[in-house]
$ cat entry.cif   # mmCIF, N, CA and C atoms
data_structure
#
loop_
_atom_site.label_atom_id
_atom_site.label_comp_id
_atom_site.auth_asym_id
_atom_site.auth_seq_id
_atom_site.Cartn_x
_atom_site.Cartn_y
_atom_site.Cartn_z
N MET A 1 -36.93 -90.76 -44.54
CA MET A 1 -35.75 -90.24 -45.20
C MET A 1 -34.77 -89.78 -44.12
N LYS A 2 -33.55 -90.28 -44.21
CA LYS A 2 -32.53 -89.94 -43.23
C LYS A 2 -31.69 -88.78 -43.78
N SER A 3 -31.51 -87.74 -42.97
CA SER A 3 -30.71 -86.62 -43.45
C SER A 3 -29.82 -86.07 -42.33
N THR A 4 -28.77 -85.37 -42.76
CA THR A 4 -27.85 -84.71 -41.84
C THR A 4 -27.53 -83.35 -42.42
N VAL A 5 -26.94 -82.50 -41.60
CA VAL A 5 -26.54 -81.17 -42.06
C VAL A 5 -25.02 -81.12 -42.09
N ALA A 6 -24.47 -80.76 -43.25
CA ALA A 6 -23.02 -80.66 -43.41
C ALA A 6 -22.51 -79.39 -42.74
N GLU A 7 -21.19 -79.28 -42.63
CA GLU A 7 -20.58 -78.11 -41.98
C GLU A 7 -20.95 -76.80 -42.66
N ASP A 8 -21.14 -76.84 -43.98
CA ASP A 8 -21.47 -75.60 -44.70
C ASP A 8 -22.97 -75.30 -44.70
N GLY A 9 -23.75 -76.10 -43.97
CA GLY A 9 -25.19 -75.85 -43.86
C GLY A 9 -26.04 -76.60 -44.87
N THR A 10 -25.42 -77.32 -45.79
CA THR A 10 -26.15 -78.09 -46.78
C THR A 10 -26.78 -79.31 -46.12
N ARG A 11 -28.04 -79.58 -46.43
CA ARG A 11 -28.69 -80.78 -45.90
C ARG A 11 -28.38 -81.94 -46.83
N LEU A 12 -27.81 -83.00 -46.25
CA LEU A 12 -27.47 -84.20 -47.01
C LEU A 12 -28.47 -85.30 -46.71
N VAL A 13 -28.88 -86.00 -47.75
CA VAL A 13 -29.85 -87.08 -47.62
C VAL A 13 -29.17 -88.40 -47.99
N THR A 14 -29.46 -89.44 -47.22
CA THR A 14 -28.94 -90.76 -47.53
C THR A 14 -29.82 -91.42 -48.58
N VAL A 15 -29.20 -91.89 -49.65
CA VAL A 15 -29.94 -92.62 -50.69
C VAL A 15 -29.40 -94.05 -50.75
N TYR A 16 -30.26 -94.95 -51.19
CA TYR A 16 -29.96 -96.38 -51.21
C TYR A 16 -29.98 -96.88 -52.65
N LYS A 17 -29.06 -97.77 -52.98
CA LYS A 17 -28.99 -98.31 -54.34
C LYS A 17 -29.75 -99.63 -54.40
N ARG A 18 -30.78 -99.65 -55.25
CA ARG A 18 -31.55 -100.88 -55.47
C ARG A 18 -30.79 -101.76 -56.44
N GLU A 19 -30.48 -102.98 -56.02
CA GLU A 19 -29.79 -103.93 -56.88
C GLU A 19 -30.48 -105.28 -56.75
N PRO A 20 -30.49 -106.08 -57.81
CA PRO A 20 -31.15 -107.39 -57.75
C PRO A 20 -30.56 -108.27 -56.65
N GLY A 21 -31.44 -108.84 -55.85
CA GLY A 21 -31.01 -109.75 -54.81
C GLY A 21 -30.46 -109.12 -53.55
N VAL A 22 -30.43 -107.79 -53.49
CA VAL A 22 -29.90 -107.09 -52.31
C VAL A 22 -31.07 -106.53 -51.51
N THR A 23 -31.09 -106.83 -50.22
CA THR A 23 -32.16 -106.32 -49.36
C THR A 23 -31.84 -104.89 -48.93
N PRO A 24 -32.87 -104.11 -48.58
CA PRO A 24 -32.63 -102.70 -48.21
C PRO A 24 -31.61 -102.51 -47.10
N ASP A 25 -31.57 -103.43 -46.14
CA ASP A 25 -30.63 -103.26 -45.03
C ASP A 25 -29.18 -103.54 -45.43
N LYS A 26 -28.97 -104.18 -46.57
CA LYS A 26 -27.61 -104.47 -47.06
C LYS A 26 -27.22 -103.57 -48.24
N ALA A 27 -28.10 -102.68 -48.63
CA ALA A 27 -27.88 -101.86 -49.81
C ALA A 27 -26.73 -100.87 -49.63
N ARG A 28 -26.08 -100.57 -50.75
CA ARG A 28 -25.06 -99.53 -50.74
C ARG A 28 -25.75 -98.18 -50.55
N THR A 29 -25.09 -97.28 -49.86
CA THR A 29 -25.66 -95.95 -49.61
C THR A 29 -24.67 -94.88 -50.01
N LYS A 30 -25.19 -93.68 -50.21
CA LYS A 30 -24.34 -92.51 -50.38
C LYS A 30 -25.11 -91.30 -49.90
N GLN A 31 -24.39 -90.23 -49.58
CA GLN A 31 -25.00 -88.99 -49.13
C GLN A 31 -24.99 -88.00 -50.29
N VAL A 32 -26.15 -87.42 -50.58
CA VAL A 32 -26.24 -86.41 -51.63
C VAL A 32 -26.94 -85.18 -51.08
N PRO A 33 -26.57 -83.99 -51.57
CA PRO A 33 -27.28 -82.78 -51.15
C PRO A 33 -28.75 -82.87 -51.54
N ILE A 34 -29.61 -82.36 -50.69
CA ILE A 34 -31.06 -82.51 -50.91
C ILE A 34 -31.50 -81.87 -52.23
N GLN A 35 -30.82 -80.82 -52.67
CA GLN A 35 -31.22 -80.18 -53.93
C GLN A 35 -30.88 -81.03 -55.15
N GLU A 36 -30.06 -82.06 -54.99
CA GLU A 36 -29.71 -82.92 -56.12
C GLU A 36 -30.58 -84.17 -56.22
N LEU A 37 -31.56 -84.32 -55.34
CA LEU A 37 -32.42 -85.50 -55.37
C LEU A 37 -33.13 -85.65 -56.70
N GLY A 38 -33.54 -84.56 -57.29
CA GLY A 38 -34.25 -84.60 -58.57
C GLY A 38 -33.39 -85.10 -59.71
N ARG A 39 -32.08 -85.02 -59.57
CA ARG A 39 -31.17 -85.44 -60.63
C ARG A 39 -30.79 -86.92 -60.54
N LEU A 40 -31.15 -87.58 -59.44
CA LEU A 40 -30.81 -88.99 -59.30
C LEU A 40 -31.55 -89.81 -60.33
N ARG A 41 -30.85 -90.74 -60.93
CA ARG A 41 -31.44 -91.57 -61.98
C ARG A 41 -31.30 -93.04 -61.60
N GLY A 42 -32.16 -93.84 -62.18
CA GLY A 42 -32.01 -95.28 -62.07
C GLY A 42 -32.40 -95.84 -60.73
N GLU A 43 -31.48 -96.59 -60.16
CA GLU A 43 -31.82 -97.41 -59.00
C GLU A 43 -31.60 -96.73 -57.65
N TRP A 44 -31.21 -95.47 -57.61
CA TRP A 44 -31.03 -94.79 -56.32
C TRP A 44 -32.38 -94.31 -55.79
N VAL A 45 -32.72 -94.70 -54.57
CA VAL A 45 -33.99 -94.31 -53.94
C VAL A 45 -33.72 -93.75 -52.55
N VAL A 46 -34.64 -92.96 -52.02
CA VAL A 46 -34.45 -92.34 -50.71
C VAL A 46 -35.14 -93.13 -49.59
N CYS A 47 -35.76 -94.22 -49.95
CA CYS A 47 -36.59 -94.93 -48.98
C CYS A 47 -36.23 -96.41 -48.94
N ARG A 48 -36.42 -97.02 -47.78
CA ARG A 48 -36.18 -98.45 -47.63
C ARG A 48 -37.47 -99.26 -47.54
N CYS A 49 -38.61 -98.66 -47.75
CA CYS A 49 -39.88 -99.38 -47.57
C CYS A 49 -40.06 -100.45 -48.64
N PRO A 50 -40.85 -101.48 -48.36
CA PRO A 50 -41.05 -102.58 -49.33
C PRO A 50 -41.63 -102.12 -50.66
N LEU A 51 -42.43 -101.07 -50.67
CA LEU A 51 -43.02 -100.60 -51.93
C LEU A 51 -41.94 -100.09 -52.88
N CYS A 52 -40.97 -99.38 -52.36
CA CYS A 52 -39.90 -98.84 -53.20
C CYS A 52 -38.96 -99.94 -53.70
N TRP A 53 -38.97 -101.06 -53.00
CA TRP A 53 -38.03 -102.14 -53.33
C TRP A 53 -38.70 -103.29 -54.07
N ALA A 54 -39.97 -103.15 -54.39
CA ALA A 54 -40.70 -104.25 -55.06
C ALA A 54 -40.24 -104.43 -56.49
#
$ encode --input "entry.cif" --output "C-alpha coordinates"
Amino acid sequence: MKSTVAEDGTRLVTVYKREPGVTPDKARTKQVPIQELGRLRGEWVVCRCPLCWA
(Lines of atoms letter the chains of each structure in order from A and count residues from 1; the text may use other names and numbers.)
(Lines give C-alpha, C1' and ligand atoms only; values in the text may rest on other atoms or scores of the structure.)
Protein backbone atom coordinates (compact mmCIF):
# COMPACT_ATOMS: atom_id res chain seq x y z
CA MET A 1 0.00 0.00 0.00
CA LYS A 2 1.46 3.33 -1.08
CA SER A 3 0.79 6.29 1.20
CA THR A 4 1.85 9.89 1.74
CA VAL A 5 1.25 12.48 4.43
CA ALA A 6 -0.63 15.65 3.46
CA GLU A 7 0.29 19.10 4.76
CA ASP A 8 -2.40 18.90 7.44
CA GLY A 9 -1.02 15.59 8.74
CA THR A 10 -3.64 13.35 7.12
CA ARG A 11 -2.25 10.11 5.71
CA LEU A 12 -3.33 9.64 2.11
CA VAL A 13 -3.43 6.22 0.47
CA THR A 14 -3.27 5.55 -3.26
CA VAL A 15 -6.14 3.40 -4.51
CA TYR A 16 -6.45 1.76 -7.91
CA LYS A 17 -9.57 1.36 -10.05
CA ARG A 18 -10.17 -2.17 -11.33
CA GLU A 19 -11.66 -2.05 -14.81
CA PRO A 20 -12.13 -4.83 -17.39
CA GLY A 21 -9.11 -5.21 -19.63
CA VAL A 22 -6.95 -2.74 -17.69
CA THR A 23 -3.75 -3.99 -16.09
CA PRO A 24 -2.75 -2.76 -12.61
CA ASP A 25 0.14 -0.69 -13.98
CA LYS A 26 -2.25 1.22 -16.30
CA ALA A 27 -5.07 1.61 -13.78
CA ARG A 28 -6.53 4.95 -12.81
CA THR A 29 -5.52 6.05 -9.32
CA LYS A 30 -6.66 8.53 -6.72
CA GLN A 31 -5.53 9.57 -3.26
CA VAL A 32 -7.96 9.11 -0.37
CA PRO A 33 -7.53 9.74 3.37
CA ILE A 34 -6.76 6.49 5.17
CA GLN A 35 -9.84 6.83 7.39
CA GLU A 36 -12.07 6.72 4.29
CA LEU A 37 -10.79 3.35 3.04
CA GLY A 38 -13.73 1.57 4.65
CA ARG A 39 -16.18 3.67 2.64
CA LEU A 40 -14.72 2.76 -0.75
CA ARG A 41 -17.13 0.72 -2.82
CA GLY A 42 -16.94 -1.33 -5.96
CA GLU A 43 -13.82 -1.55 -8.01
CA TRP A 44 -11.42 0.65 -5.97
CA VAL A 45 -8.67 -1.44 -4.35
CA VAL A 46 -5.51 -0.55 -2.40
CA CYS A 47 -3.36 -3.26 -3.89
CA ARG A 48 -1.88 -4.12 -7.28
CA CYS A 49 -1.23 -7.81 -6.60
CA PRO A 50 -2.62 -10.45 -9.01
CA LEU A 51 -5.01 -11.82 -6.37
CA CYS A 52 -6.82 -8.49 -6.04
CA TRP A 53 -7.04 -8.18 -9.81
CA ALA A 54 -8.24 -11.71 -10.62
$ atom_distance --input "entry.cif" --atom1 "atom C of Lys26 in chain A" --atom2 "atom N of Leu40 in chain A"
19.9 Å
$ atom_distance --input "entry.cif" --atom1 "CA of Val46 in chain A" --atom2 "atom C of Asp25 in chain A"
13.5 Å
$ select_by_dssp --input "entry.cif" --residues "chain A" --states "strand (DSSP E)" --output "short mmCIF file (atom, residue, chain, number, x, y, z; two decimals) with N, CA and C atoms, in the frame of the given file"
data_model
loop_
_atom_site.label_atom_id
_atom_site.label_comp_id
_atom_site.auth_asym_id
_atom_site.auth_seq_id
_atom_site.Cartn_x
_atom_site.Cartn_y
_atom_site.Cartn_z
N SER A 3 -31.51 -87.74 -42.97
CA SER A 3 -30.71 -86.62 -43.45
C SER A 3 -29.82 -86.07 -42.33
N THR A 4 -28.77 -85.37 -42.76
CA THR A 4 -27.85 -84.71 -41.84
C THR A 4 -27.53 -83.35 -42.42
N VAL A 5 -26.94 -82.50 -41.60
CA VAL A 5 -26.54 -81.17 -42.06
C VAL A 5 -25.02 -81.12 -42.09
N ARG A 11 -28.04 -79.58 -46.43
CA ARG A 11 -28.69 -80.78 -45.90
C ARG A 11 -28.38 -81.94 -46.83
N LEU A 12 -27.81 -83.00 -46.25
CA LEU A 12 -27.47 -84.20 -47.01
C LEU A 12 -28.47 -85.30 -46.71
N VAL A 13 -28.88 -86.00 -47.75
CA VAL A 13 -29.85 -87.08 -47.62
C VAL A 13 -29.17 -88.40 -47.99
N THR A 14 -29.46 -89.44 -47.22
CA THR A 14 -28.94 -90.76 -47.53
C THR A 14 -29.82 -91.42 -48.58
N VAL A 15 -29.20 -91.89 -49.65
CA VAL A 15 -29.94 -92.62 -50.69
C VAL A 15 -29.40 -94.05 -50.75
N TYR A 16 -30.26 -94.95 -51.19
CA TYR A 16 -29.96 -96.38 -51.21
C TYR A 16 -29.98 -96.88 -52.65
N LYS A 17 -29.06 -97.77 -52.98
CA LYS A 17 -28.99 -98.31 -54.34
C LYS A 17 -29.75 -99.63 -54.40
N THR A 29 -25.09 -97.28 -49.86
CA THR A 29 -25.66 -95.95 -49.61
C THR A 29 -24.67 -94.88 -50.01
N LYS A 30 -25.19 -93.68 -50.21
CA LYS A 30 -24.34 -92.51 -50.38
C LYS A 30 -25.11 -91.30 -49.90
N GLN A 31 -24.39 -90.23 -49.58
CA GLN A 31 -25.00 -88.99 -49.13
C GLN A 31 -24.99 -88.00 -50.29
N VAL A 32 -26.15 -87.42 -50.58
CA VAL A 32 -26.24 -86.41 -51.63
C VAL A 32 -26.94 -85.18 -51.08
N PRO A 33 -26.57 -83.99 -51.57
CA PRO A 33 -27.28 -82.78 -51.15
C PRO A 33 -28.75 -82.87 -51.54
N TRP A 44 -31.21 -95.47 -57.61
CA TRP A 44 -31.03 -94.79 -56.32
C TRP A 44 -32.38 -94.31 -55.79
N VAL A 45 -32.72 -94.70 -54.57
CA VAL A 45 -33.99 -94.31 -53.94
C VAL A 45 -33.72 -93.75 -52.55
#
$ resolve_selection --input "entry.cif" --expression "the PyMOL selection byres ((chain A and resi 45) around 5)" --output "VMD selection string"
chain A and resid 15 to 16 43 to 44 46 to 47
$ axis_aligned_box --input "entry.cif" --around "range 13-32 of chain A" --padding-each-side "4 Å" --output "lines of an AutoDock Vina configuration file"
center_x = -28.6
center_y = -97.5
center_z = -51.4
size_x = 16.5
size_y = 32.6
size_z = 20.8
$ resolve_selection --input "entry.cif" --expression "the PyMOL selection byres (((chain A and resi 35 and name CA) around 10) and name CA)" --output "PDB file with N, CA and C atoms, in the frame of the given file"
ATOM      1  N   THR A  10     -25.420 -77.320 -45.790  1.00  0.00           N
ATOM      2  CA  THR A  10     -26.150 -78.090 -46.780  1.00  0.00           C
ATOM      3  C   THR A  10     -26.780 -79.310 -46.120  1.00  0.00           C
ATOM      4  N   ARG A  11     -28.040 -79.580 -46.430  1.00  0.00           N
ATOM      5  CA  ARG A  11     -28.690 -80.780 -45.900  1.00  0.00           C
ATOM      6  C   ARG A  11     -28.380 -81.940 -46.830  1.00  0.00           C
ATOM      7  N   LEU A  12     -27.810 -83.000 -46.250  1.00  0.00           N
ATOM      8  CA  LEU A  12     -27.470 -84.200 -47.010  1.00  0.00           C
ATOM      9  C   LEU A  12     -28.470 -85.300 -46.710  1.00  0.00           C
ATOM     10  N   VAL A  13     -28.880 -86.000 -47.750  1.00  0.00           N
ATOM     11  CA  VAL A  13     -29.850 -87.080 -47.620  1.00  0.00           C
ATOM     12  C   VAL A  13     -29.170 -88.400 -47.990  1.00  0.00           C
ATOM     13  N   VAL A  32     -26.150 -87.420 -50.580  1.00  0.00           N
ATOM     14  CA  VAL A  32     -26.240 -86.410 -51.630  1.00  0.00           C
ATOM     15  C   VAL A  32     -26.940 -85.180 -51.080  1.00  0.00           C
ATOM     16  N   PRO A  33     -26.570 -83.990 -51.570  1.00  0.00           N
ATOM     17  CA  PRO A  33     -27.280 -82.780 -51.150  1.00  0.00           C
ATOM     18  C   PRO A  33     -28.750 -82.870 -51.540  1.00  0.00           C
ATOM     19  N   ILE A  34     -29.610 -82.360 -50.690  1.00  0.00           N
ATOM     20  CA  ILE A  34     -31.060 -82.510 -50.910  1.00  0.00           C
ATOM     21  C   ILE A  34     -31.500 -81.870 -52.230  1.00  0.00           C
ATOM     22  N   GLU A  36     -30.060 -82.060 -54.990  1.00  0.00           N
ATOM     23  CA  GLU A  36     -29.710 -82.920 -56.120  1.00  0.00           C
ATOM     24  C   GLU A  36     -30.580 -84.170 -56.220  1.00  0.00           C
ATOM     25  N   LEU A  37     -31.560 -84.320 -55.340  1.00  0.00           N
ATOM     26  CA  LEU A  37     -32.420 -85.500 -55.370  1.00  0.00           C
ATOM     27  C   LEU A  37     -33.130 -85.650 -56.700  1.00  0.00           C
ATOM     28  N   GLY A  38     -33.540 -84.560 -57.290  1.00  0.00           N
ATOM     29  CA  GLY A  38     -34.250 -84.600 -58.570  1.00  0.00           C
ATOM     30  C   GLY A  38     -33.390 -85.100 -59.710  1.00  0.00           C
ATOM     31  N   ARG A  39     -32.080 -85.020 -59.570  1.00  0.00           N
ATOM     32  CA  ARG A  39     -31.170 -85.440 -60.630  1.00  0.00           C
ATOM     33  C   ARG A  39     -30.790 -86.920 -60.540  1.00  0.00           C
TER      34      ARG A  39
END
$ atom_distance --input "entry.cif" --atom1 "atom C of Glu7 in chain A" --atom2 "atom N of Arg41 in chain A"
25.0 Å
$ decode --input "entry.cif" --residues "range 3-31 of chain A" --atoms "N, CA and C atoms" --output "mmCIF file, in the first residue's frame"
data_model
loop_
_atom_site.group_PDB
_atom_site.id
_atom_site.type_symbol
_atom_site.label_atom_id
_atom_site.label_comp_id
_atom_site.auth_asym_id
_atom_site.auth_seq_id
_atom_site.Cartn_x
_atom_site.Cartn_y
_atom_site.Cartn_z
ATOM 1 N N SER A 3 1.441 5.189 0.505
ATOM 2 C CA SER A 3 0.793 6.293 1.203
ATOM 3 C C SER A 3 1.734 7.486 1.322
ATOM 4 N N THR A 4 1.114 8.647 1.535
ATOM 5 C CA THR A 4 1.851 9.889 1.744
ATOM 6 C C THR A 4 1.161 10.649 2.860
ATOM 7 N N VAL A 5 1.841 11.653 3.382
ATOM 8 C CA VAL A 5 1.253 12.479 4.430
ATOM 9 C C VAL A 5 0.994 13.869 3.854
ATOM 10 N N ALA A 6 -0.252 14.326 3.959
ATOM 11 C CA ALA A 6 -0.630 15.647 3.462
ATOM 12 C C ALA A 6 -0.106 16.728 4.401
ATOM 13 N N GLU A 7 -0.203 17.978 3.956
ATOM 14 C CA GLU A 7 0.293 19.098 4.759
ATOM 15 C C GLU A 7 -0.401 19.202 6.116
ATOM 16 N N ASP A 8 -1.670 18.810 6.168
ATOM 17 C CA ASP A 8 -2.403 18.901 7.442
ATOM 18 C C ASP A 8 -2.201 17.679 8.334
ATOM 19 N N GLY A 9 -1.324 16.760 7.920
ATOM 20 C CA GLY A 9 -1.020 15.590 8.738
ATOM 21 C C GLY A 9 -1.849 14.363 8.417
ATOM 22 N N THR A 10 -2.808 14.479 7.514
ATOM 23 C CA THR A 10 -3.638 13.351 7.123
ATOM 24 C C THR A 10 -2.827 12.391 6.263
ATOM 25 N N ARG A 11 -2.934 11.101 6.544
ATOM 26 C CA ARG A 11 -2.246 10.110 5.711
ATOM 27 C C ARG A 11 -3.143 9.766 4.536
ATOM 28 N N LEU A 12 -2.601 9.934 3.332
ATOM 29 C CA LEU A 12 -3.334 9.638 2.109
ATOM 30 C C LEU A 12 -2.835 8.330 1.518
ATOM 31 N N VAL A 13 -3.763 7.518 1.053
ATOM 32 C CA VAL A 13 -3.435 6.222 0.473
ATOM 33 C C VAL A 13 -3.819 6.241 -1.006
ATOM 34 N N THR A 14 -2.959 5.671 -1.841
ATOM 35 C CA THR A 14 -3.268 5.553 -3.260
ATOM 36 C C THR A 14 -4.141 4.331 -3.485
ATOM 37 N N VAL A 15 -5.269 4.523 -4.158
ATOM 38 C CA VAL A 15 -6.141 3.402 -4.508
ATOM 39 C C VAL A 15 -6.206 3.288 -6.031
ATOM 40 N N TYR A 16 -6.464 2.082 -6.494
ATOM 41 C CA TYR A 16 -6.451 1.760 -7.915
ATOM 42 C C TYR A 16 -7.841 1.314 -8.353
ATOM 43 N N LYS A 17 -8.250 1.728 -9.538
ATOM 44 C CA LYS A 17 -9.571 1.359 -10.048
ATOM 45 C C LYS A 17 -9.454 0.120 -10.930
ATOM 46 N N ARG A 18 -10.138 -0.940 -10.521
ATOM 47 C CA ARG A 18 -10.174 -2.170 -11.325
ATOM 48 C C ARG A 18 -11.200 -1.999 -12.428
ATOM 49 N N GLU A 19 -10.762 -2.154 -13.663
ATOM 50 C CA GLU A 19 -11.657 -2.052 -14.810
ATOM 51 C C GLU A 19 -11.351 -3.205 -15.756
ATOM 52 N N PRO A 20 -12.357 -3.709 -16.466
ATOM 53 C CA PRO A 20 -12.129 -4.830 -17.388
ATOM 54 C C PRO A 20 -11.078 -4.487 -18.445
ATOM 55 N N GLY A 21 -10.127 -5.387 -18.610
ATOM 56 C CA GLY A 21 -9.112 -5.212 -19.633
ATOM 57 C C GLY A 21 -7.990 -4.255 -19.293
ATOM 58 N N VAL A 22 -8.001 -3.682 -18.094
ATOM 59 C CA VAL A 22 -6.954 -2.737 -17.690
ATOM 60 C C VAL A 22 -6.022 -3.430 -16.707
ATOM 61 N N THR A 23 -4.726 -3.374 -16.981
ATOM 62 C CA THR A 23 -3.753 -3.995 -16.088
ATOM 63 C C THR A 23 -3.454 -3.049 -14.922
ATOM 64 N N PRO A 24 -3.004 -3.600 -13.788
ATOM 65 C CA PRO A 24 -2.750 -2.759 -12.606
ATOM 66 C C PRO A 24 -1.808 -1.584 -12.870
ATOM 67 N N ASP A 25 -0.815 -1.777 -13.727
ATOM 68 C CA ASP A 25 0.136 -0.691 -13.978
ATOM 69 C C ASP A 25 -0.462 0.437 -14.826
ATOM 70 N N LYS A 26 -1.584 0.192 -15.482
ATOM 71 C CA LYS A 26 -2.247 1.219 -16.300
ATOM 72 C C LYS A 26 -3.523 1.752 -15.630
ATOM 73 N N ALA A 27 -3.821 1.264 -14.451
ATOM 74 C CA ALA A 27 -5.071 1.612 -13.781
ATOM 75 C C ALA A 27 -5.114 3.073 -13.361
ATOM 76 N N ARG A 28 -6.334 3.606 -13.336
ATOM 77 C CA ARG A 28 -6.530 4.952 -12.809
ATOM 78 C C ARG A 28 -6.317 4.915 -11.298
ATOM 79 N N THR A 29 -5.781 5.985 -10.758
ATOM 80 C CA THR A 29 -5.522 6.049 -9.320
ATOM 81 C C THR A 29 -6.124 7.319 -8.745
ATOM 82 N N LYS A 30 -6.303 7.313 -7.433
ATOM 83 C CA LYS A 30 -6.664 8.531 -6.718
ATOM 84 C C LYS A 30 -6.142 8.400 -5.303
ATOM 85 N N GLN A 31 -5.997 9.540 -4.635
ATOM 86 C CA GLN A 31 -5.528 9.569 -3.255
ATOM 87 C C GLN A 31 -6.732 9.796 -2.347
#
